[in-house]
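To be precise, the following lines are model.pdb, and they hold PDB, C-alpha atoms, pLDDT in the B column.
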MODEL        1
ATOM      1  CA  MET A   1     -60.134 -23.380  24.662  1.00 94.00           C
ATOM      2  CA  ASP A   2     -61.099 -26.866  25.811  1.00 96.00           C
ATOM      3  CA  PHE A   3     -60.680 -27.874  29.432  1.00 96.00           C
ATOM      4  CA  SER A   4     -57.823 -30.311  28.881  1.00 96.00           C
ATOM      5  CA  THR A   5     -55.717 -27.752  27.013  1.00 97.00           C
ATOM      6  CA  GLY A   6     -56.439 -25.162  29.670  1.00 96.00           C
ATOM      7  CA  GLN A   7     -55.374 -27.618  32.332  1.00 96.00           C
ATOM      8  CA  GLN A   8     -52.101 -28.347  30.568  1.00 96.00           C
ATOM      9  CA  LEU A   9     -51.331 -24.664  30.118  1.00 96.00           C
ATOM     10  CA  MET A  10     -52.129 -23.824  33.734  1.00 94.00           C
ATOM     11  CA  ALA A  11     -49.701 -26.547  34.804  1.00 93.00           C
ATOM     12  CA  VAL A  12     -47.005 -25.006  32.607  1.00 94.00           C
ATOM     13  CA  TYR A  13     -47.703 -21.541  34.012  1.00 92.00           C
ATOM     14  CA  ALA A  14     -47.411 -22.911  37.523  1.00 89.00           C
ATOM     15  CA  ARG A  15     -43.945 -24.167  36.635  1.00 90.00           C
ATOM     16  CA  ILE A  16     -43.096 -20.761  35.169  1.00 90.00           C
ATOM     17  CA  GLY A  17     -44.194 -19.300  38.494  1.00 87.00           C
ATOM     18  CA  ASN A  18     -41.826 -21.606  40.332  1.00 86.00           C
ATOM     19  CA  SER A  19     -38.996 -20.466  38.080  1.00 88.00           C
ATOM     20  CA  MET A  20     -39.851 -16.839  38.784  1.00 88.00           C
ATOM     21  CA  ASN A  21     -39.678 -17.615  42.482  1.00 87.00           C
ATOM     22  CA  GLU A  22     -36.199 -19.015  41.953  1.00 88.00           C
ATOM     23  CA  ALA A  23     -35.208 -15.776  40.233  1.00 90.00           C
ATOM     24  CA  ASP A  24     -36.769 -13.829  43.103  1.00 89.00           C
ATOM     25  CA  GLU A  25     -34.608 -15.618  45.667  1.00 88.00           C
ATOM     26  CA  ILE A  26     -31.451 -14.870  43.690  1.00 92.00           C
ATOM     27  CA  MET A  27     -32.436 -11.228  43.150  1.00 92.00           C
ATOM     28  CA  ARG A  28     -32.601 -10.746  46.902  1.00 90.00           C
ATOM     29  CA  THR A  29     -28.832 -11.101  47.024  1.00 93.00           C
ATOM     30  CA  LEU A  30     -28.269  -8.157  44.659  1.00 95.00           C
ATOM     31  CA  PRO A  31     -27.206  -4.677  45.830  1.00 94.00           C
ATOM     32  CA  GLU A  32     -30.054  -2.280  46.640  1.00 91.00           C
ATOM     33  CA  ALA A  33     -30.416  -0.489  43.320  1.00 90.00           C
ATOM     34  CA  GLU A  34     -30.236  -3.661  41.271  1.00 94.00           C
ATOM     35  CA  ARG A  35     -32.481  -5.539  43.689  1.00 94.00           C
ATOM     36  CA  SER A  36     -35.096  -2.820  43.394  1.00 92.00           C
ATOM     37  CA  ALA A  37     -35.030  -2.721  39.592  1.00 92.00           C
ATOM     38  CA  HIS A  38     -34.998  -6.477  39.113  1.00 94.00           C
ATOM     39  CA  LEU A  39     -37.730  -7.179  41.668  1.00 92.00           C
ATOM     40  CA  HIS A  40     -39.962  -4.519  40.143  1.00 91.00           C
ATOM     41  CA  ALA A  41     -39.450  -5.973  36.679  1.00 92.00           C
ATOM     42  CA  LEU A  42     -40.110  -9.498  37.904  1.00 92.00           C
ATOM     43  CA  ALA A  43     -43.304  -8.391  39.632  1.00 90.00           C
ATOM     44  CA  GLY A  44     -44.378  -6.868  36.337  1.00 90.00           C
ATOM     45  CA  MET A  45     -43.778 -10.178  34.621  1.00 90.00           C
ATOM     46  CA  VAL A  46     -45.775 -12.029  37.268  1.00 89.00           C
ATOM     47  CA  ASP A  47     -48.648  -9.635  36.695  1.00 88.00           C
ATOM     48  CA  TYR A  48     -48.336  -9.969  32.926  1.00 90.00           C
ATOM     49  CA  VAL A  49     -48.440 -13.768  33.049  1.00 90.00           C
ATOM     50  CA  TRP A  50     -51.560 -13.657  35.184  1.00 89.00           C
ATOM     51  CA  ARG A  51     -53.459 -11.065  33.193  1.00 89.00           C
ATOM     52  CA  ASN A  52     -52.615 -12.248  29.719  1.00 91.00           C
ATOM     53  CA  LEU A  53     -52.148 -15.985  30.038  1.00 93.00           C
ATOM     54  CA  GLN A  54     -53.777 -17.365  33.157  1.00 92.00           C
ATOM     55  CA  ALA A  55     -56.780 -15.108  33.711  1.00 91.00           C
ATOM     56  CA  PRO A  56     -58.327 -15.785  30.278  1.00 93.00           C
ATOM     57  CA  ILE A  57     -58.241 -19.518  31.007  1.00 95.00           C
ATOM     58  CA  VAL A  58     -59.658 -19.064  34.498  1.00 92.00           C
ATOM     59  CA  ARG A  59     -62.480 -16.927  33.145  1.00 90.00           C
ATOM     60  CA  GLU A  60     -63.400 -19.778  30.818  1.00 95.00           C
ATOM     61  CA  HIS A  61     -62.795 -22.642  33.252  1.00 95.00           C
ATOM     62  CA  ARG A  62     -63.424 -21.516  36.829  1.00 89.00           C
ATOM     63  CA  SER A  63     -62.389 -24.863  38.247  1.00 90.00           C
ATOM     64  CA  LEU A  64     -58.827 -24.221  37.046  1.00 92.00           C
ATOM     65  CA  ASP A  65     -58.541 -21.137  39.241  1.00 86.00           C
ATOM     66  CA  PRO A  66     -55.638 -21.845  41.594  1.00 79.00           C
ATOM     67  CA  ASP A  67     -57.006 -19.346  44.097  1.00 75.00           C
ATOM     68  CA  ALA A  68     -60.617 -20.500  43.993  1.00 69.00           C
ATOM     69  CA  GLU A  69     -60.716 -21.735  47.562  1.00 65.00           C
ATOM     70  CA  SER A  70     -59.202 -18.683  49.204  1.00 64.00           C
ATOM     71  CA  LEU A  71     -61.218 -16.274  47.074  1.00 63.00           C
ATOM     72  CA  GLN A  72     -64.568 -17.917  47.608  1.00 65.00           C
ATOM     73  CA  GLY A  73     -67.199 -15.270  48.310  1.00 67.00           C
ATOM     74  CA  LYS A  74     -64.697 -12.416  48.411  1.00 69.00           C
ATOM     75  CA  LEU A  75     -64.747 -11.133  44.858  1.00 71.00           C
ATOM     76  CA  LYS A  76     -67.448  -9.157  43.125  1.00 72.00           C
TER
ATOM     77  CA  MET B   1     -40.956 -16.412  48.818  1.00 42.00           C
ATOM     78  CA  MET B   2     -43.856 -17.189  46.582  1.00 47.00           C
ATOM     79  CA  LEU B   3     -43.759 -14.041  44.522  1.00 48.00           C
ATOM     80  CA  HIS B   4     -46.139 -15.335  41.909  1.00 47.00           C
ATOM     81  CA  ARG B   5     -48.841 -16.315  44.343  1.00 45.00           C
ATOM     82  CA  LEU B   6     -51.409 -13.869  45.574  1.00 40.00           C
ATOM     83  CA  PHE B   7     -53.489 -16.129  47.745  1.00 33.00           C
ATOM     84  CA  HIS B   8     -53.160 -19.720  48.872  1.00 27.00           C
ATOM     85  CA  GLY B   9     -53.385 -21.289  45.477  1.00 26.00           C
ATOM     86  CA  ALA B  10     -51.039 -20.879  42.610  1.00 26.00           C
ATOM     87  CA  LEU B  11     -50.733 -17.154  42.431  1.00 29.00           C
ATOM     88  CA  LEU B  12     -49.912 -15.674  45.701  1.00 32.00           C
ATOM     89  CA  LEU B  13     -47.819 -13.615  47.969  1.00 35.00           C
ATOM     90  CA  ALA B  14     -49.499 -14.776  51.120  1.00 31.00           C
ATOM     91  CA  SER B  15     -47.560 -17.895  51.993  1.00 28.00           C
ATOM     92  CA  THR B  16     -44.474 -15.842  52.681  1.00 27.00           C
ATOM     93  CA  SER B  17     -44.727 -15.962  56.433  1.00 25.00           C
ATOM     94  CA  LEU B  18     -42.249 -18.794  56.750  1.00 23.00           C
ATOM     95  CA  LEU B  19     -39.620 -16.729  55.018  1.00 26.00           C
ATOM     96  CA  ILE B  20     -39.835 -13.528  57.010  1.00 28.00           C
ATOM     97  CA  SER B  21     -37.969 -12.890  60.205  1.00 30.00           C
ATOM     98  CA  GLN B  22     -39.737 -13.804  63.417  1.00 30.00           C
ATOM     99  CA  PRO B  23     -39.845 -10.247  64.816  1.00 34.00           C
ATOM    100  CA  ALA B  24     -41.347  -9.022  61.561  1.00 34.00           C
ATOM    101  CA  LEU B  25     -43.811 -11.885  61.588  1.00 33.00           C
ATOM    102  CA  ALA B  26     -44.832 -11.083  65.130  1.00 34.00           C
ATOM    103  CA  GLN B  27     -45.335  -7.457  64.154  1.00 38.00           C
ATOM    104  CA  ALA B  28     -47.358  -8.418  61.110  1.00 35.00           C
ATOM    105  CA  GLN B  29     -49.565 -10.694  63.148  1.00 36.00           C
ATOM    106  CA  GLU B  30     -50.003  -8.243  65.971  1.00 36.00           C
ATOM    107  CA  SER B  31     -53.221  -6.986  64.517  1.00 36.00           C
ATOM    108  CA  ASP B  32     -54.921  -6.826  61.176  1.00 39.00           C
ATOM    109  CA  GLY B  33     -54.254  -4.048  58.691  1.00 38.00           C
ATOM    110  CA  ARG B  34     -57.419  -2.161  59.530  1.00 36.00           C
ATOM    111  CA  ASP B  35     -56.408  -1.787  63.148  1.00 35.00           C
ATOM    112  CA  ILE B  36     -53.054  -0.405  62.131  1.00 34.00           C
ATOM    113  CA  LEU B  37     -54.634   1.947  59.631  1.00 34.00           C
ATOM    114  CA  GLU B  38     -56.987   3.330  62.226  1.00 33.00           C
ATOM    115  CA  ARG B  39     -54.353   3.621  64.926  1.00 32.00           C
ATOM    116  CA  VAL B  40     -51.812   5.679  63.016  1.00 32.00           C
ATOM    117  CA  PRO B  41     -53.062   9.205  62.348  1.00 31.00           C
ATOM    118  CA  ASN B  42     -50.532  10.391  59.806  1.00 33.00           C
ATOM    119  CA  LEU B  43     -51.438   9.563  56.264  1.00 35.00           C
ATOM    120  CA  ILE B  44     -49.510  10.527  53.213  1.00 36.00           C
ATOM    121  CA  ARG B  45     -51.847  10.832  50.281  1.00 38.00           C
ATOM    122  CA  LYS B  46     -50.813  11.025  46.689  1.00 38.00           C
ATOM    123  CA  VAL B  47     -53.035  11.035  43.685  1.00 38.00           C
ATOM    124  CA  GLY B  48     -51.834   8.928  40.821  1.00 40.00           C
ATOM    125  CA  PRO B  49     -53.046   8.222  37.306  1.00 38.00           C
ATOM    126  CA  TYR B  50     -56.762   7.654  36.792  1.00 41.00           C
ATOM    127  CA  GLY B  51     -57.441   9.137  40.174  1.00 40.00           C
ATOM    128  CA  ALA B  52     -55.798   6.249  41.995  1.00 45.00           C
ATOM    129  CA  GLU B  53     -55.038   7.376  45.483  1.00 45.00           C
ATOM    130  CA  MET B  54     -52.363   5.910  47.634  1.00 48.00           C
ATOM    131  CA  MET B  55     -52.085   6.191  51.364  1.00 49.00           C
ATOM    132  CA  ILE B  56     -48.901   5.230  53.037  1.00 49.00           C
ATOM    133  CA  VAL B  57     -49.639   4.922  56.690  1.00 46.00           C
ATOM    134  CA  GLY B  58     -47.198   5.780  59.414  1.00 41.00           C
ATOM    135  CA  THR B  59     -44.658   8.549  59.711  1.00 37.00           C
ATOM    136  CA  PRO B  60     -41.451   6.499  59.554  1.00 37.00           C
ATOM    137  CA  VAL B  61     -42.130   5.377  56.020  1.00 45.00           C
ATOM    138  CA  VAL B  62     -41.799   7.742  53.112  1.00 48.00           C
ATOM    139  CA  GLU B  63     -41.748   6.708  49.516  1.00 54.00           C
ATOM    140  CA  ARG B  64     -38.518   7.576  47.752  1.00 54.00           C
ATOM    141  CA  THR B  65     -39.519   6.786  44.216  1.00 57.00           C
ATOM    142  CA  ALA B  66     -42.373   7.559  41.895  1.00 63.00           C
ATOM    143  CA  CYS B  67     -43.643   3.991  41.683  1.00 75.00           C
ATOM    144  CA  ARG B  68     -47.249   3.915  40.590  1.00 77.00           C
ATOM    145  CA  PRO B  69     -49.173   0.761  39.826  1.00 85.00           C
ATOM    146  CA  ALA B  70     -50.750   0.925  36.384  1.00 86.00           C
ATOM    147  CA  TYR B  71     -54.524   0.654  36.255  1.00 89.00           C
ATOM    148  CA  PRO B  72     -55.254  -2.645  34.479  1.00 89.00           C
ATOM    149  CA  GLN B  73     -56.771  -1.860  31.104  1.00 88.00           C
ATOM    150  CA  SER B  74     -59.406  -4.571  31.461  1.00 89.00           C
ATOM    151  CA  SER B  75     -60.422  -3.106  34.824  1.00 91.00           C
ATOM    152  CA  ILE B  76     -60.867   0.333  33.267  1.00 90.00           C
ATOM    153  CA  LYS B  77     -62.902  -1.233  30.492  1.00 91.00           C
ATOM    154  CA  HIS B  78     -65.201  -2.961  32.978  1.00 91.00           C
ATOM    155  CA  GLY B  79     -65.429   0.003  35.322  1.00 92.00           C
ATOM    156  CA  GLU B  80     -63.831  -1.849  38.222  1.00 93.00           C
ATOM    157  CA  THR B  81     -62.949   0.320  41.208  1.00 91.00           C
ATOM    158  CA  GLY B  82     -62.167  -0.381  44.829  1.00 90.00           C
ATOM    159  CA  THR B  83     -59.744  -0.184  47.705  1.00 89.00           C
ATOM    160  CA  VAL B  84     -56.977  -2.699  48.282  1.00 89.00           C
ATOM    161  CA  VAL B  85     -55.610  -2.993  51.794  1.00 87.00           C
ATOM    162  CA  PHE B  86     -52.313  -4.773  52.052  1.00 87.00           C
ATOM    163  CA  ARG B  87     -48.961  -4.853  53.761  1.00 86.00           C
ATOM    164  CA  LEU B  88     -45.576  -4.346  52.213  1.00 87.00           C
ATOM    165  CA  MET B  89     -42.370  -5.723  53.626  1.00 88.00           C
ATOM    166  CA  ILE B  90     -39.713  -3.028  53.434  1.00 89.00           C
ATOM    167  CA  ASP B  91     -36.214  -4.381  53.892  1.00 91.00           C
ATOM    168  CA  GLN B  92     -33.400  -2.660  55.729  1.00 91.00           C
ATOM    169  CA  ALA B  93     -32.289  -0.885  52.560  1.00 92.00           C
ATOM    170  CA  GLY B  94     -35.825   0.347  51.898  1.00 89.00           C
ATOM    171  CA  VAL B  95     -36.790  -1.982  49.064  1.00 91.00           C
ATOM    172  CA  ALA B  96     -40.342  -3.404  49.042  1.00 90.00           C
ATOM    173  CA  THR B  97     -39.765  -7.121  48.837  1.00 90.00           C
ATOM    174  CA  ARG B  98     -43.053  -8.795  49.743  1.00 88.00           C
ATOM    175  CA  ALA B  99     -46.745  -8.031  49.822  1.00 88.00           C
ATOM    176  CA  ARG B 100     -49.632  -9.566  51.721  1.00 86.00           C
ATOM    177  CA  LEU B 101     -53.271  -8.949  51.019  1.00 86.00           C
ATOM    178  CA  VAL B 102     -55.335  -7.791  53.994  1.00 86.00           C
ATOM    179  CA  GLY B 103     -58.536  -6.660  52.324  1.00 87.00           C
ATOM    180  CA  THR B 104     -59.595  -7.240  48.749  1.00 89.00           C
ATOM    181  CA  SER B 105     -61.003  -4.567  46.468  1.00 91.00           C
ATOM    182  CA  GLY B 106     -63.381  -7.205  45.226  1.00 91.00           C
ATOM    183  CA  PHE B 107     -61.437  -7.498  42.002  1.00 91.00           C
ATOM    184  CA  ARG B 108     -58.430  -9.741  41.772  1.00 88.00           C
ATOM    185  CA  ASP B 109     -56.749  -7.771  38.995  1.00 89.00           C
ATOM    186  CA  LEU B 110     -56.890  -4.594  41.083  1.00 91.00           C
ATOM    187  CA  ASP B 111     -55.561  -6.409  44.145  1.00 90.00           C
ATOM    188  CA  ARG B 112     -52.685  -7.876  42.206  1.00 89.00           C
ATOM    189  CA  ALA B 113     -51.879  -4.668  40.317  1.00 90.00           C
ATOM    190  CA  ALA B 114     -51.645  -2.671  43.551  1.00 89.00           C
ATOM    191  CA  MET B 115     -49.431  -5.129  45.380  1.00 89.00           C
ATOM    192  CA  LEU B 116     -47.215  -6.175  42.512  1.00 90.00           C
ATOM    193  CA  GLY B 117     -46.907  -2.563  41.384  1.00 89.00           C
ATOM    194  CA  PHE B 118     -45.076  -1.660  44.564  1.00 88.00           C
ATOM    195  CA  LEU B 119     -42.725  -4.624  44.744  1.00 89.00           C
ATOM    196  CA  GLY B 120     -39.184  -3.476  44.139  1.00 90.00           C
ATOM    197  CA  CYS B 121     -40.100   0.143  44.876  1.00 89.00           C
ATOM    198  CA  ARG B 122     -37.926   2.062  47.265  1.00 87.00           C
ATOM    199  CA  PHE B 123     -39.021   3.559  50.560  1.00 84.00           C
ATOM    200  CA  LYS B 124     -37.296   4.987  53.554  1.00 81.00           C
ATOM    201  CA  PRO B 125     -36.792   2.023  55.842  1.00 84.00           C
ATOM    202  CA  VAL B 126     -38.319   1.963  59.272  1.00 84.00           C
ATOM    203  CA  VAL B 127     -35.757   2.986  61.903  1.00 84.00           C
ATOM    204  CA  GLU B 128     -35.690   1.548  65.387  1.00 85.00           C
ATOM    205  CA  ASP B 129     -33.080   2.613  67.920  1.00 88.00           C
ATOM    206  CA  GLY B 130     -31.251   4.454  65.183  1.00 88.00           C
ATOM    207  CA  LEU B 131     -30.966   1.424  62.914  1.00 91.00           C
ATOM    208  CA  PRO B 132     -32.974   0.534  59.823  1.00 89.00           C
ATOM    209  CA  VAL B 133     -35.028  -2.608  60.330  1.00 89.00           C
ATOM    210  CA  GLU B 134     -37.040  -4.849  58.055  1.00 91.00           C
ATOM    211  CA  SER B 135     -40.715  -4.088  58.666  1.00 87.00           C
ATOM    212  CA  TRP B 136     -44.197  -4.694  57.374  1.00 87.00           C
ATOM    213  CA  ILE B 137     -45.997  -1.442  56.605  1.00 84.00           C
ATOM    214  CA  PRO B 138     -49.745  -1.133  56.063  1.00 83.00           C
ATOM    215  CA  MET B 139     -50.847   0.240  52.717  1.00 84.00           C
ATOM    216  CA  ARG B 140     -54.176   1.184  51.226  1.00 84.00           C
ATOM    217  CA  TYR B 141     -54.533   1.808  47.527  1.00 85.00           C
ATOM    218  CA  VAL B 142     -57.714   3.265  46.102  1.00 85.00           C
ATOM    219  CA  TRP B 143     -58.500   2.593  42.472  1.00 88.00           C
ATOM    220  CA  GLU B 144     -60.851   5.156  41.020  1.00 85.00           C
ATOM    221  CA  ILE B 145     -61.717   5.932  37.452  1.00 83.00           C
ATOM    222  CA  GLY B 146     -61.880   9.684  37.239  1.00 70.00           C
TER
ENDMDL
END
Reformat the file's structure so that it appears as structure tokens.
Amino acid sequence: MDFSTGQQLMAVYARIGNSMNEADEIMRTLPEAERSAHLHALAGMVDYVWRNLQAPIVREHRSLDPDAESLQGKLK
Amino acid sequence: MMLHRLFHGALLLASTSLLISQPALAQAQESDGRDILERVPNLIRKVGPYGAEMMIVGTPVVERTACRPAYPQSSIKHGETGTVVFRLMIDQAGVATRARLVGTSGFRDLDRAAMLGFLGCRFKPVVEDGLPVESWIPMRYVWEIG
């Protein structure tokens, strides 16, 4: 994938992340059992988006890593 | 909260401090996770899939569900192992609602899988003066390929 396409996709995924945060805020108002199930499912989606959509781009274009600064020197 | 963010950039759970209650924030900032882990003697150990070992630290907190983070397939493939140290925010009803990374395993996928895998899971809430309170609890999750 070329850099420009990767950049565009990462921007879209960031917006998806913002939408998931909106869902997260609403889920916090649910009763316990529903809150638990919905939060767990949403966390799974967050993980899925990272592993399957964002991470492959970051592996190819390190400069697009949104966490680059905070991770510097910490990962193996 | 920034559920989708793991660190300070786009994917993180760390910038949640503005959204947690002040007493909980003060407790979370009292010391780092390692101090808490070393101070509390009671560990509950459970062995999960692929030899992953979980330690929930502190007697007031007991897991009520069988939540187990799944070992990321790519991490298994690349032989990635390590220990993730983090904190979970357990709300008054016992639901894990936030996670904050304290010490990385060295592999982002393992860090994320451990923390995200516990969000939404149910624990016994911490009780103070007879009442359940929202609290940060220290967690350590060991990823091992058996």
Query raised in the report: Just how far from atom CA of B:Gly94 is atom CA of B:Tyr71, in Å to one decimal?
Result: 24.4 Å
Hey, which bits of chain A sit within 10 Å of chain B, and for each residue what's the closest pair of atoms and how far apart in Å (one decimal), counting only C-alpha atoms, rows by chain and increasing number, as a Markdown table?
| residue | atom | partner | partner_atom | distance |
| --- | --- | --- | --- | --- |
| A:Met10 | CA | B:Ala10 | CA | 9.4 |
| A:Ala11 | CA | B:Ala10 | CA | 9.7 |
| A:Tyr13 | CA | B:Ala10 | CA | 9.2 |
| A:Ala14 | CA | B:Ala10 | CA | 6.6 |
| A:Arg15 | CA | B:Ala10 | CA | 9.8 |
| A:Ile16 | CA | B:His4 | CA | 9.2 |
| A:Gly17 | CA | B:His4 | CA | 5.6 |
| A:Asn18 | CA | B:His4 | CA | 7.8 |
| A:Ser19 | CA | B:His4 | CA | 9.6 |
| A:Met20 | CA | B:His4 | CA | 7.2 |
| A:Asn21 | CA | B:Leu3 | CA | 5.8 |
| A:Glu22 | CA | B:Met1 | CA | 8.7 |
| A:Ala23 | CA | B:Leu3 | CA | 9.7 |
| A:Asp24 | CA | B:Leu3 | CA | 7.1 |
| A:Glu25 | CA | B:Met1 | CA | 7.1 |
| A:Arg28 | CA | B:Thr97 | CA | 8.3 |
| A:Pro31 | CA | B:Ala93 | CA | 9.2 |
| A:Glu32 | CA | B:Ala93 | CA | 6.5 |
| A:Ala33 | CA | B:Val95 | CA | 8.7 |
| A:Glu34 | CA | B:Gly120 | CA | 9.4 |
| A:Arg35 | CA | B:Gly120 | CA | 7.0 |
| A:Ser36 | CA | B:Gly120 | CA | 4.2 |
| A:Ala37 | CA | B:Gly120 | CA | 6.2 |
| A:His38 | CA | B:Gly120 | CA | 7.2 |
| A:Leu39 | CA | B:Gly120 | CA | 4.7 |
| A:His40 | CA | B:Gly120 | CA | 4.2 |
| A:Ala41 | CA | B:Gly120 | CA | 7.9 |
| A:Leu42 | CA | B:Gly120 | CA | 8.7 |
| A:Ala43 | CA | B:Leu116 | CA | 5.3 |
| A:Gly44 | CA | B:Leu116 | CA | 6.8 |
| A:Met45 | CA | B:His4 | CA | 9.2 |
| A:Val46 | CA | B:His4 | CA | 5.7 |
| A:Asp47 | CA | B:Leu116 | CA | 6.9 |
| A:Tyr48 | CA | B:Ala113 | CA | 9.8 |
| A:Val49 | CA | B:His4 | CA | 9.3 |
| A:Trp50 | CA | B:Leu11 | CA | 8.1 |
| A:Arg51 | CA | B:Asp109 | CA | 7.4 |
| A:Gln54 | CA | B:Leu11 | CA | 9.8 |
| A:Ala55 | CA | B:Asp109 | CA | 9.0 |
| A:Asp65 | CA | B:Gly9 | CA | 8.1 |
| A:Pro66 | CA | B:Gly9 | CA | 4.5 |
| A:Asp67 | CA | B:Gly9 | CA | 4.3 |
| A:Ala68 | CA | B:Gly9 | CA | 7.4 |
| A:Glu69 | CA | B:Gly9 | CA | 7.6 |
| A:Ser70 | CA | B:His8 | CA | 6.1 |
| A:Leu71 | CA | B:Phe7 | CA | 7.8 |
| A:Gly73 | CA | B:Gly106 | CA | 9.4 |
| A:Lys74 | CA | B:Gly106 | CA | 6.2 |
| A:Leu75 | CA | B:Gly106 | CA | 4.2 |
| A:Lys76 | CA | B:Gly106 | CA | 5.0 |
Report task. May I have the residues at most 12 Å from (-55.0, -26.6, 27.4) in the file's coordinates, counting all atoms listed in the file, as a PyMOL selection string? Result -> chain A and resi 1-13+53-54+56-58+60-61+64
Excluding same-chain residues fewer than 5 positions from stretch 85-90 of chain B, what lies within 7 Å of it counting only C-alpha atoms, as a CSV table (one decimal) with C-alpha atoms, in the coordinates of the input?
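Saved to result_33.csv:
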chain,number,residue,atom,x,y,z
B,33,GLY,CA,-54.3,-4.0,58.7
B,95,VAL,CA,-36.8,-2.0,49.1
B,96,ALA,CA,-40.3,-3.4,49.0
B,97,THR,CA,-39.8,-7.1,48.8
B,98,ARG,CA,-43.1,-8.8,49.7
B,99,ALA,CA,-46.7,-8.0,49.8
B,100,ARG,CA,-49.6,-9.6,51.7
B,101,LEU,CA,-53.3,-8.9,51.0
B,102,VAL,CA,-55.3,-7.8,54.0
B,103,GLY,CA,-58.5,-6.7,52.3
B,104,THR,CA,-59.6,-7.2,48.7
B,125,PRO,CA,-36.8,2.0,55.8
B,134,GLU,CA,-37.0,-4.8,58.1
B,135,SER,CA,-40.7,-4.1,58.7
B,136,TRP,CA,-44.2,-4.7,57.4
B,137,ILE,CA,-46.0,-1.4,56.6
B,138,PRO,CA,-49.7,-1.1,56.1
B,139,MET,CA,-50.8,0.2,52.7
B,140,ARG,CA,-54.2,1.2,51.2
B,141,TYR,CA,-54.5,1.8,47.5
Report summary line: The distance between atom CA of A:Ser63 and atom CA of B:Ala70 is 28.4 Å
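If you look at atom CA of B:Leu131 and atom CA of A:Thr29, they are 20.3 Å away from each other.
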Requested in this report: Name the residues within 6 Å of (-60.2, 0.3, 43.4), counting all atoms listed in the file in the file's coordinates, and put them as a PyMOL selection string.
Outcome: chain B and resi 81-83+105+142-144
Taking C-alpha atoms for each residue, export the selection above as a PDB file, in the frame of the given file.
ATOM      1  CA  THR B  81     -62.949   0.320  41.208  1.00 91.00           C
ATOM      2  CA  GLY B  82     -62.167  -0.381  44.829  1.00 90.00           C
ATOM      3  CA  THR B  83     -59.744  -0.184  47.705  1.00 89.00           C
ATOM      4  CA  SER B 105     -61.003  -4.567  46.468  1.00 91.00           C
ATOM      5  CA  VAL B 142     -57.714   3.265  46.102  1.00 85.00           C
ATOM      6  CA  TRP B 143     -58.500   2.593  42.472  1.00 88.00           C
ATOM      7  CA  GLU B 144     -60.851   5.156  41.020  1.00 85.00           C
TER       8      GLU B 144
END
